[in-house]
>>> print(open('final_22.pdb').read())   # PDB, C-alpha atoms
MODEL        1
ATOM      1  CA  MET U  82     -10.389   4.201 -14.995
ATOM      2  CA  LEU U  83     -10.986   7.615 -16.494
ATOM      3  CA  SER U  84     -11.441  10.497 -14.091
ATOM      4  CA  ALA U  85     -15.071  11.131 -15.123
ATOM      5  CA  GLU U  86     -15.938   7.493 -14.401
ATOM      6  CA  VAL U  87     -14.230   7.616 -11.015
ATOM      7  CA  TRP U  88     -15.919  10.877 -10.035
ATOM      8  CA  ALA U  89     -19.286   9.362 -10.953
ATOM      9  CA  CYS U  90     -18.589   6.201  -8.917
ATOM     10  CA  LEU U  91     -17.512   8.257  -5.905
ATOM     11  CA  GLY U  92     -20.306  10.822  -6.187
ATOM     12  CA  ALA U  93     -17.683  13.575  -6.400
ATOM     13  CA  ASP U  94     -18.177  17.118  -7.621
ATOM     14  CA  THR U  95     -15.809  20.072  -7.880
ATOM     15  CA  ALA U  96     -16.356  21.212  -4.295
ATOM     16  CA  SER U  97     -16.032  17.792  -2.668
ATOM     17  CA  TRP U  98     -12.943  16.972  -4.718
ATOM     18  CA  ALA U  99     -11.293  20.256  -3.729
ATOM     19  CA  GLY U 100     -11.960  19.437  -0.082
ATOM     20  CA  PHE U 101     -10.512  15.953  -0.534
ATOM     21  CA  ALA U 102      -7.401  17.274  -2.325
ATOM     22  CA  ALA U 103      -6.809  19.747   0.518
ATOM     23  CA  HIS U 104      -5.779  16.846   2.776
ATOM     24  CA  TRP U 105      -2.541  16.633   0.775
ATOM     25  CA  ASP U 106      -1.537  20.014   2.208
ATOM     26  CA  ASP U 107      -1.428  18.308   5.628
ATOM     27  CA  LEU U 108       1.143  15.658   4.658
ATOM     28  CA  VAL U 109       4.516  15.479   6.407
ATOM     29  CA  THR U 110       8.028  14.513   5.344
ATOM     30  CA  ASP U 111       8.700  10.843   4.637
ATOM     31  CA  PRO U 112      11.902  10.369   6.682
ATOM     32  CA  TYR U 113      12.814   7.067   5.029
ATOM     33  CA  ALA U 114      12.646   8.499   1.519
ATOM     34  CA  ALA U 115      14.620  11.530   2.703
ATOM     35  CA  GLU U 116      17.514   9.222   3.635
ATOM     36  CA  ASN U 117      17.864   8.504  -0.094
ATOM     37  CA  GLY U 118      17.472  12.125  -1.164
ATOM     38  CA  THR U 119      13.825  11.819  -2.228
ATOM     39  CA  ARG U 120      11.525  14.773  -1.484
ATOM     40  CA  ARG U 121       8.312  12.992  -0.597
ATOM     41  CA  LEU U 122       5.529  13.819   1.857
ATOM     42  CA  ARG U 123       3.060  11.227   3.121
ATOM     43  CA  ARG U 124       0.838   9.824   5.842
ATOM     44  CA  TYR U 125      -0.497   6.320   6.445
ATOM     45  CA  GLY U 126      -3.842   4.818   7.384
ATOM     46  CA  ILE U 127      -5.103   1.303   8.086
ATOM     47  CA  PHE U 128      -8.678   0.067   7.717
ATOM     48  CA  SER U 129     -10.592  -3.174   7.549
ATOM     49  CA  LEU U 130     -13.368  -3.645   5.007
ATOM     50  CA  THR U 131     -15.908  -6.458   5.249
ATOM     51  CA  ARG U 132     -17.570  -8.241   2.360
ATOM     52  CA  GLU U 133     -20.738  -6.266   3.151
ATOM     53  CA  GLY U 134     -18.897  -2.931   2.886
ATOM     54  CA  ARG U 135     -18.462  -2.158   6.582
ATOM     55  CA  LEU U 136     -15.383   0.022   6.973
ATOM     56  CA  ILE U 137     -13.463   0.258  10.251
ATOM     57  CA  ALA U 138     -10.465   2.522  10.908
ATOM     58  CA  ARG U 139      -7.670   0.611  12.682
ATOM     59  CA  PRO U 140      -4.981   1.936  15.042
ATOM     60  CA  ASN U 141      -1.849   3.048  13.263
ATOM     61  CA  ASP U 142       1.014   0.557  13.227
ATOM     62  CA  ALA U 143       4.331  -0.014  11.517
ATOM     63  CA  PHE U 144       4.211  -0.468   7.756
ATOM     64  CA  VAL U 145       6.143  -3.619   6.857
ATOM     65  CA  GLN U 146       6.388  -5.054   3.368
ATOM     66  CA  PRO U 147       6.778  -8.817   2.957
ATOM     67  CA  GLU U 148       9.518 -10.844   1.328
ATOM     68  CA  ALA U 149       9.730 -10.788  -2.468
ATOM     69  CA  SER U 150       8.104  -7.359  -2.736
ATOM     70  CA  ASN U 151       9.819  -3.967  -2.322
ATOM     71  CA  PRO U 152      13.602  -4.597  -2.496
ATOM     72  CA  MET U 153      14.476  -1.367  -0.712
ATOM     73  CA  TYR U 154      12.351  -1.877   2.383
ATOM     74  CA  VAL U 155      11.719  -5.625   2.830
ATOM     75  CA  GLY U 156      11.524  -6.399   6.544
ATOM     76  CA  VAL U 157      11.931  -2.753   7.595
ATOM     77  CA  ASP U 158       9.440  -1.408  10.149
ATOM     78  CA  ARG U 159       8.525   2.006   8.777
ATOM     79  CA  ARG U 160       6.399   4.242  10.983
ATOM     80  CA  PHE U 161       4.526   7.134   9.433
ATOM     81  CA  GLU U 162       2.284   9.841  10.810
ATOM     82  CA  PRO U 163      -1.369   8.720  10.694
ATOM     83  CA  LEU U 164      -4.056  10.148   8.473
ATOM     84  CA  THR U 165      -5.727  13.188   9.941
ATOM     85  CA  ASP U 166      -9.172  12.648  11.426
ATOM     86  CA  ALA U 167     -10.651  14.795   8.674
ATOM     87  CA  CYS U 168      -9.084  12.662   5.951
ATOM     88  CA  THR U 169     -10.152   9.402   7.632
ATOM     89  CA  ALA U 170     -13.757  10.593   7.764
ATOM     90  CA  ASP U 171     -13.858  12.146   4.270
ATOM     91  CA  PRO U 172     -16.819  10.669   2.343
ATOM     92  CA  LEU U 173     -14.750  10.419  -0.842
ATOM     93  CA  LEU U 174     -12.131   8.277   0.884
ATOM     94  CA  VAL U 175     -14.840   6.027   2.293
ATOM     95  CA  SER U 176     -16.472   5.700  -1.128
ATOM     96  CA  LEU U 177     -13.140   4.985  -2.789
ATOM     97  CA  ILE U 178     -12.254   2.183  -0.379
ATOM     98  CA  ARG U 179     -15.647   0.557  -0.885
ATOM     99  CA  LEU U 180     -15.240   0.837  -4.659
ATOM    100  CA  LEU U 181     -11.829  -0.814  -4.445
ATOM    101  CA  GLY U 182     -13.338  -3.551  -2.300
ATOM    102  CA  GLN U 183     -15.711  -4.376  -5.150
ATOM    103  CA  VAL U 184     -12.781  -4.552  -7.569
ATOM    104  CA  ALA U 185     -10.730  -6.713  -5.203
ATOM    105  CA  ALA U 186     -13.660  -9.118  -4.806
ATOM    106  CA  GLY U 187     -13.272  -9.926  -8.490
ATOM    107  CA  LEU U 188      -9.683 -10.998  -7.861
ATOM    108  CA  GLU U 189     -10.056 -13.025  -4.667
ATOM    109  CA  ASP U 190     -12.883 -14.316  -2.467
ATOM    110  CA  CYS U 191     -12.419 -12.741   0.947
ATOM    111  CA  GLU U 192     -14.586 -12.092   4.014
ATOM    112  CA  GLU U 193     -12.537  -9.102   5.161
ATOM    113  CA  TRP U 194      -9.842  -6.967   3.583
ATOM    114  CA  ALA U 195      -6.937  -5.186   5.212
ATOM    115  CA  VAL U 196      -6.770  -1.766   3.561
ATOM    116  CA  GLN U 197      -3.614   0.348   3.587
ATOM    117  CA  VAL U 198      -3.957   3.992   2.556
ATOM    118  CA  HIS U 199      -0.918   6.014   1.487
ATOM    119  CA  PRO U 200      -1.383   9.652   0.423
ATOM    120  CA  PHE U 201       1.814  10.869  -1.279
ATOM    121  CA  ARG U 202       3.125  14.215  -2.461
ATOM    122  CA  VAL U 203       6.289  14.051  -4.588
ATOM    123  CA  LEU U 204       8.206  17.275  -5.165
ATOM    124  CA  ALA U 205      10.824  18.217  -7.755
ATOM    125  CA  SER U 206      12.846  21.284  -8.623
ATOM    126  CA  ALA U 207      15.461  22.255 -11.195
ATOM    127  CA  GLY U 208      18.341  19.840 -10.798
ATOM    128  CA  GLN U 209      16.450  17.498  -8.452
ATOM    129  CA  ASP U 210      13.972  15.013  -9.911
ATOM    130  CA  GLY U 211      10.970  13.856  -7.907
ATOM    131  CA  GLN U 212      11.093  10.098  -7.358
ATOM    132  CA  ALA U 213       7.687   8.513  -6.837
ATOM    133  CA  THR U 214       9.218   5.019  -6.691
ATOM    134  CA  PRO U 215      12.881   5.361  -5.656
ATOM    135  CA  GLU U 216      12.967   1.574  -5.201
ATOM    136  CA  GLY U 217      12.326   1.067  -8.926
ATOM    137  CA  ARG U 218      10.234  -1.764 -10.310
ATOM    138  CA  HIS U 219       8.555  -3.647  -7.481
ATOM    139  CA  ARG U 220       5.503  -5.326  -5.959
ATOM    140  CA  ASP U 221       3.722  -4.305  -2.761
ATOM    141  CA  GLY U 222       2.946  -7.832  -1.568
ATOM    142  CA  VAL U 223      -0.853  -7.360  -1.671
ATOM    143  CA  THR U 224      -3.803  -8.457  -3.815
ATOM    144  CA  LEU U 225      -4.990  -5.146  -5.302
ATOM    145  CA  VAL U 226      -2.843  -2.049  -5.705
ATOM    146  CA  SER U 227      -4.337   1.234  -6.906
ATOM    147  CA  SER U 228      -3.054   4.708  -7.644
ATOM    148  CA  LEU U 229      -5.467   7.644  -7.751
ATOM    149  CA  LEU U 230      -4.206  10.954  -9.115
ATOM    150  CA  ILE U 231      -5.229  13.817  -6.837
ATOM    151  CA  GLY U 232      -3.429  16.550  -8.762
ATOM    152  CA  ARG U 233      -0.192  17.627 -10.399
ATOM    153  CA  GLU U 234       1.332  21.044 -10.954
ATOM    154  CA  ASN U 235       4.156  22.206 -13.226
ATOM    155  CA  ALA U 236       5.194  18.577 -13.700
ATOM    156  CA  THR U 237       6.376  16.505 -16.616
ATOM    157  CA  GLY U 238       7.066  12.788 -16.331
ATOM    158  CA  GLY U 239       5.423  10.593 -13.732
ATOM    159  CA  GLU U 240       4.604   7.811 -16.185
ATOM    160  CA  SER U 241       3.211   4.692 -14.507
ATOM    161  CA  SER U 242       4.463   1.415 -16.000
ATOM    162  CA  VAL U 243       3.203  -2.094 -15.283
ATOM    163  CA  TYR U 244       5.040  -5.339 -16.122
ATOM    164  CA  ASP U 245       4.290  -9.020 -15.830
ATOM    165  CA  MET U 246       6.365 -11.107 -13.443
ATOM    166  CA  ALA U 247       8.839 -11.914 -16.224
ATOM    167  CA  GLY U 248       9.431  -8.203 -16.802
ATOM    168  CA  ALA U 249       7.488  -7.856 -20.056
ATOM    169  CA  PRO U 250       5.624  -4.518 -20.382
ATOM    170  CA  VAL U 251       1.870  -4.681 -19.804
ATOM    171  CA  LEU U 252       0.968  -0.992 -20.014
ATOM    172  CA  ALA U 253       2.349   2.495 -19.555
ATOM    173  CA  THR U 254       0.223   5.546 -18.827
ATOM    174  CA  THR U 255       0.579   8.994 -17.313
ATOM    175  CA  LEU U 256      -2.162   9.864 -14.847
ATOM    176  CA  SER U 257      -2.883  13.460 -15.788
ATOM    177  CA  GLU U 258      -6.505  14.237 -14.868
ATOM    178  CA  PRO U 259      -7.482  14.465 -11.179
ATOM    179  CA  GLY U 260      -9.455  11.320 -10.420
ATOM    180  CA  SER U 261      -7.632   9.091 -12.921
ATOM    181  CA  LEU U 262      -7.295   5.653 -11.322
ATOM    182  CA  LEU U 263      -4.811   2.877 -12.123
ATOM    183  CA  LEU U 264      -5.669  -0.604 -10.840
ATOM    184  CA  GLY U 265      -3.358  -3.605 -10.690
ATOM    185  CA  ASP U 266      -3.334  -7.238  -9.583
ATOM    186  CA  ASP U 267      -0.229  -7.052  -7.404
ATOM    187  CA  ARG U 268       0.059 -10.841  -7.217
ATOM    188  CA  ARG U 269       0.862 -11.016 -10.925
ATOM    189  CA  THR U 270       2.482  -7.697 -11.840
ATOM    190  CA  LEU U 271       5.302  -5.284 -11.031
ATOM    191  CA  HIS U 272       5.050  -1.506 -11.253
ATOM    192  CA  GLU U 273       7.098   1.677 -11.173
ATOM    193  CA  VAL U 274       6.678   5.411 -11.845
ATOM    194  CA  SER U 275       9.159   7.546 -13.739
ATOM    195  CA  PRO U 276      10.561  10.697 -12.061
ATOM    196  CA  ILE U 277       8.829  14.041 -12.365
ATOM    197  CA  ARG U 278      10.602  17.246 -13.386
ATOM    198  CA  PRO U 279       9.449  20.880 -13.493
ATOM    199  CA  LEU U 280       7.994  22.151 -16.743
ATOM    200  CA  ASP U 281       9.095  25.625 -15.638
ATOM    201  CA  PRO U 282      12.521  25.201 -13.995
ATOM    202  CA  ALA U 283      11.948  28.363 -11.978
ATOM    203  CA  GLN U 284       9.009  26.752 -10.164
ATOM    204  CA  ARG U 285       8.622  23.609  -8.068
ATOM    205  CA  ALA U 286       6.867  20.554  -9.533
ATOM    206  CA  ARG U 287       4.326  18.566  -7.558
ATOM    207  CA  ARG U 288       2.503  15.240  -8.016
ATOM    208  CA  ASP U 289      -0.156  14.181  -5.482
ATOM    209  CA  VAL U 290      -1.453  10.603  -5.508
ATOM    210  CA  LEU U 291      -3.329   8.233  -3.231
ATOM    211  CA  VAL U 292      -2.012   4.685  -3.243
ATOM    212  CA  THR U 293      -4.453   2.218  -1.690
ATOM    213  CA  THR U 294      -3.821  -1.513  -1.325
ATOM    214  CA  LEU U 295      -6.042  -4.399  -0.279
ATOM    215  CA  LEU U 296      -5.097  -7.854   0.958
ATOM    216  CA  PRO U 297      -7.019 -10.516   2.886
ATOM    217  CA  ARG U 298      -6.974 -10.124   6.662
TER     218      ARG U 298
ENDMDL
END
>>> encode(input="final_22.pdb", output="structure tokens")
Amino acid sequence: MLSAEVWACLGADTASWAGFAAHWDDLVTDPYAAENGTRRLRRYGIFSLTREGRLIARPNDAFVQPEASNPMYVGVDRRFEPLTDACTADPLLVSLIRLLGQVAAGLEDCEEWAVQVHPFRVLASAGQDGQATPEGRHRDGVTLVSSLLIGRENATGGESSVYDMAGAPVLATTLSEPGSLLLGDDRRTLHEVSPIRPLDPAQRARRDVLVTTLLPR
């Protein structure tokens, strides 16, 4: 979805988007990515969403990806710092999750969705690429996977590619405008993101995204 369409669906304006994007300044180091040399900040949130649109924040728990999904972390209990209270309560996050629930309903009939929210900040500098998907091409083991661009600075690269289960390309796009949203049926596709690099090697590169997934509870 184009950023203007997403902003309209969320009821966002410049001020509310700036407030939403500020939550990315509160992210903390992803220790699991750091083990592989990836400079990535993140947090993690869990919600349930009913068919009627009732959204409930759930206690934080380990993030575990199922078999036949992410080859780097299958079966690994990863524990991340929770979303801040301010981020959890942000009206734009609430609106986004409800919007994604409407999309997911077109893929699968479900009374209640488990929603996993992953805000990411990927960093790069001269001589060190920023790896958004160090695991390479993969699935997340969910029904709907989405990637919302929050912002990027001094960055080139970061192309999102989607493939069918046989590995044939479906689409490739670079999310460049804040609010650009990529949606995917994770049951039938694989995805990956190319590394980012600094446009100006003297400055750090940054790419902020919100990955949100939905699967039946």
>>> closest_residue(input="final_22.pdb", among="U:Pro259, U:Pro297, U:Gly239, U:Pro215", to="Ala186 of chain U", atoms="all atoms listed in the file")
U:Pro297
>>> atom_distance(input="final_22.pdb", atom1="atom CA of Gly187 of chain U", atom2="atom CA of Leu136 of chain U")
18.5 Å
>>> residues_near_point(input="final_22.pdb", point="(-17.4, 7.0, -9.3)", cutoff="12 Å", atoms="all atoms listed in the file", output="PyMOL selection string")
chain U and resi 82-94+98+173-181+260-262
>>> atom_distance(input="final_22.pdb", atom1="atom CA of Arg269 of chain U", atom2="atom CA of Ala185 of chain U")
13.6 Å
>>> closest_residue(input="final_22.pdb", among="U:Tyr113, U:Ala249, U:Pro172, U:Thr119", to="Gly100 of chain U", atoms="only C-alpha atoms")
U:Pro172
>>> resolve_selection(input="final_22.pdb", expression="the PyMOL selection byres ((chain U and resi 194) around 9)", output="PyMOL selection string")
chain U and resi 128-132+182+185+191-193+195-196+295-298
>>> closest_residue(input="final_22.pdb", among="U:Ala247, U:Arg218, U:Gln197, U:Gln284", to="Ile137 of chain U", atoms="only C-alpha atoms")
U:Gln197
>>> resolve_selection(input="final_22.pdb", expression="the PyMOL selection byres ((chain U and resi 140) around 12)", output="short mmCIF file (atom, residue, chain, number, x, y, z; two decimals) with C-alpha atoms, in the coordinates of the input")
data_model
loop_
_atom_site.label_atom_id
_atom_site.label_comp_id
_atom_site.auth_asym_id
_atom_site.auth_seq_id
_atom_site.Cartn_x
_atom_site.Cartn_y
_atom_site.Cartn_z
CA TYR U 125 -0.50 6.32 6.44
CA GLY U 126 -3.84 4.82 7.38
CA ILE U 127 -5.10 1.30 8.09
CA PHE U 128 -8.68 0.07 7.72
CA SER U 129 -10.59 -3.17 7.55
CA ILE U 137 -13.46 0.26 10.25
CA ALA U 138 -10.46 2.52 10.91
CA ARG U 139 -7.67 0.61 12.68
CA ASN U 141 -1.85 3.05 13.26
CA ASP U 142 1.01 0.56 13.23
CA ALA U 143 4.33 -0.01 11.52
CA PHE U 144 4.21 -0.47 7.76
CA GLU U 162 2.28 9.84 10.81
CA PRO U 163 -1.37 8.72 10.69
CA LEU U 164 -4.06 10.15 8.47
CA THR U 169 -10.15 9.40 7.63
CA GLN U 197 -3.61 0.35 3.59
#
>>> closest_residue(input="final_22.pdb", among="U:Arg123, U:Cys168, U:Pro250, U:Gln209", to="Val292 of chain U", atoms="all atoms listed in the file")
U:Arg123
>>> resolve_selection(input="final_22.pdb", expression="the PyMOL selection byres ((chain U and resi 200) around 12)", output="MDAnalysis selection string")
chainID U and resid 101:111 121:127 161:165 168:169 174 197:199 201:203 213 227:232 288:294
>>> residues_near_point(input="final_22.pdb", point="(19.0, 16.2, -11.7)", cutoff="12 Å", atoms="only C-alpha atoms", output="PDB file with C-alpha atoms, keeping the file's coordinate frame")
ATOM      1  CA  GLY U 118      17.472  12.125  -1.164  1.00  0.00           C
ATOM      2  CA  THR U 119      13.825  11.819  -2.228  1.00  0.00           C
ATOM      3  CA  ALA U 205      10.824  18.217  -7.755  1.00  0.00           C
ATOM      4  CA  SER U 206      12.846  21.284  -8.623  1.00  0.00           C
ATOM      5  CA  ALA U 207      15.461  22.255 -11.195  1.00  0.00           C
ATOM      6  CA  GLY U 208      18.341  19.840 -10.798  1.00  0.00           C
ATOM      7  CA  GLN U 209      16.450  17.498  -8.452  1.00  0.00           C
ATOM      8  CA  ASP U 210      13.972  15.013  -9.911  1.00  0.00           C
ATOM      9  CA  GLY U 211      10.970  13.856  -7.907  1.00  0.00           C
ATOM     10  CA  GLN U 212      11.093  10.098  -7.358  1.00  0.00           C
ATOM     11  CA  PRO U 276      10.561  10.697 -12.061  1.00  0.00           C
ATOM     12  CA  ILE U 277       8.829  14.041 -12.365  1.00  0.00           C
ATOM     13  CA  ARG U 278      10.602  17.246 -13.386  1.00  0.00           C
ATOM     14  CA  PRO U 279       9.449  20.880 -13.493  1.00  0.00           C
ATOM     15  CA  PRO U 282      12.521  25.201 -13.995  1.00  0.00           C
TER      16      PRO U 282
END
>>> closest_residue(input="final_22.pdb", among="U:Val145, U:Arg159, U:Gly222, U:Val184", to="Thr270 of chain U", atoms="only C-alpha atoms")
U:Gly222
>>> atom_distance(input="final_22.pdb", atom1="atom CA of Val251 of chain U", atom2="atom CA of Thr224 of chain U")
17.4 Å
>>> decode(input="final_22.pdb", residues="segment 284-296 of chain U", atoms="N, CA, C and O atoms", output="PDB file, in the first residue's frame")
ATOM      1  N   GLN U 284      28.628   9.085   7.375  1.00  0.00           N
ATOM      2  CA  GLN U 284      27.501   9.112   8.297  1.00  0.00           C
ATOM      3  C   GLN U 284      26.879   7.720   8.417  1.00  0.00           C
ATOM      4  O   GLN U 284      26.969   6.905   7.499  1.00  0.00           O
ATOM      5  N   ARG U 285      26.231   7.465   9.530  1.00  0.00           N
ATOM      6  CA  ARG U 285      25.547   6.197   9.748  1.00  0.00           C
ATOM      7  C   ARG U 285      24.270   6.127   8.927  1.00  0.00           C
ATOM      8  O   ARG U 285      23.617   7.142   8.692  1.00  0.00           O
ATOM      9  N   ALA U 286      23.901   4.938   8.475  1.00  0.00           N
ATOM     10  CA  ALA U 286      22.633   4.703   7.791  1.00  0.00           C
ATOM     11  C   ALA U 286      21.654   4.055   8.759  1.00  0.00           C
ATOM     12  O   ALA U 286      22.052   3.297   9.649  1.00  0.00           O
ATOM     13  N   ARG U 287      20.385   4.351   8.560  1.00  0.00           N
ATOM     14  CA  ARG U 287      19.346   3.830   9.449  1.00  0.00           C
ATOM     15  C   ARG U 287      18.100   3.471   8.648  1.00  0.00           C
ATOM     16  O   ARG U 287      17.709   4.178   7.722  1.00  0.00           O
ATOM     17  N   ARG U 288      17.469   2.347   9.023  1.00  0.00           N
ATOM     18  CA  ARG U 288      16.186   1.941   8.427  1.00  0.00           C
ATOM     19  C   ARG U 288      15.290   1.456   9.556  1.00  0.00           C
ATOM     20  O   ARG U 288      15.601   0.475  10.248  1.00  0.00           O
ATOM     21  N   ASP U 289      14.159   2.146   9.761  1.00  0.00           N
ATOM     22  CA  ASP U 289      13.209   1.811  10.820  1.00  0.00           C
ATOM     23  C   ASP U 289      11.960   1.200  10.185  1.00  0.00           C
ATOM     24  O   ASP U 289      11.355   1.799   9.285  1.00  0.00           O
ATOM     25  N   VAL U 290      11.566   0.020  10.655  1.00  0.00           N
ATOM     26  CA  VAL U 290      10.366  -0.630  10.149  1.00  0.00           C
ATOM     27  C   VAL U 290       9.579  -1.222  11.318  1.00  0.00           C
ATOM     28  O   VAL U 290      10.123  -1.458  12.401  1.00  0.00           O
ATOM     29  N   LEU U 291       8.314  -1.478  11.058  1.00  0.00           N
ATOM     30  CA  LEU U 291       7.465  -2.206  11.996  1.00  0.00           C
ATOM     31  C   LEU U 291       6.960  -3.448  11.282  1.00  0.00           C
ATOM     32  O   LEU U 291       6.202  -3.358  10.317  1.00  0.00           O
ATOM     33  N   VAL U 292       7.407  -4.596  11.757  1.00  0.00           N
ATOM     34  CA  VAL U 292       6.930  -5.872  11.226  1.00  0.00           C
ATOM     35  C   VAL U 292       5.836  -6.376  12.168  1.00  0.00           C
ATOM     36  O   VAL U 292       6.047  -6.508  13.375  1.00  0.00           O
ATOM     37  N   THR U 293       4.658  -6.632  11.610  1.00  0.00           N
ATOM     38  CA  THR U 293       3.526  -7.121  12.372  1.00  0.00           C
ATOM     39  C   THR U 293       2.995  -8.384  11.707  1.00  0.00           C
ATOM     40  O   THR U 293       2.807  -8.408  10.488  1.00  0.00           O
ATOM     41  N   THR U 294       2.785  -9.429  12.497  1.00  0.00           N
ATOM     42  CA  THR U 294       2.282 -10.691  11.965  1.00  0.00           C
ATOM     43  C   THR U 294       1.005 -11.091  12.679  1.00  0.00           C
ATOM     44  O   THR U 294       0.806 -10.776  13.858  1.00  0.00           O
ATOM     45  N   LEU U 295       0.143 -11.799  11.962  1.00  0.00           N
ATOM     46  CA  LEU U 295      -1.101 -12.306  12.521  1.00  0.00           C
ATOM     47  C   LEU U 295      -1.244 -13.789  12.204  1.00  0.00           C
ATOM     48  O   LEU U 295      -0.969 -14.209  11.071  1.00  0.00           O
ATOM     49  N   LEU U 296      -1.668 -14.551  13.186  1.00  0.00           N
ATOM     50  CA  LEU U 296      -1.988 -15.957  13.009  1.00  0.00           C
ATOM     51  C   LEU U 296      -3.115 -16.323  13.942  1.00  0.00           C
ATOM     52  O   LEU U 296      -3.323 -15.674  14.979  1.00  0.00           O
TER      53      LEU U 296
END
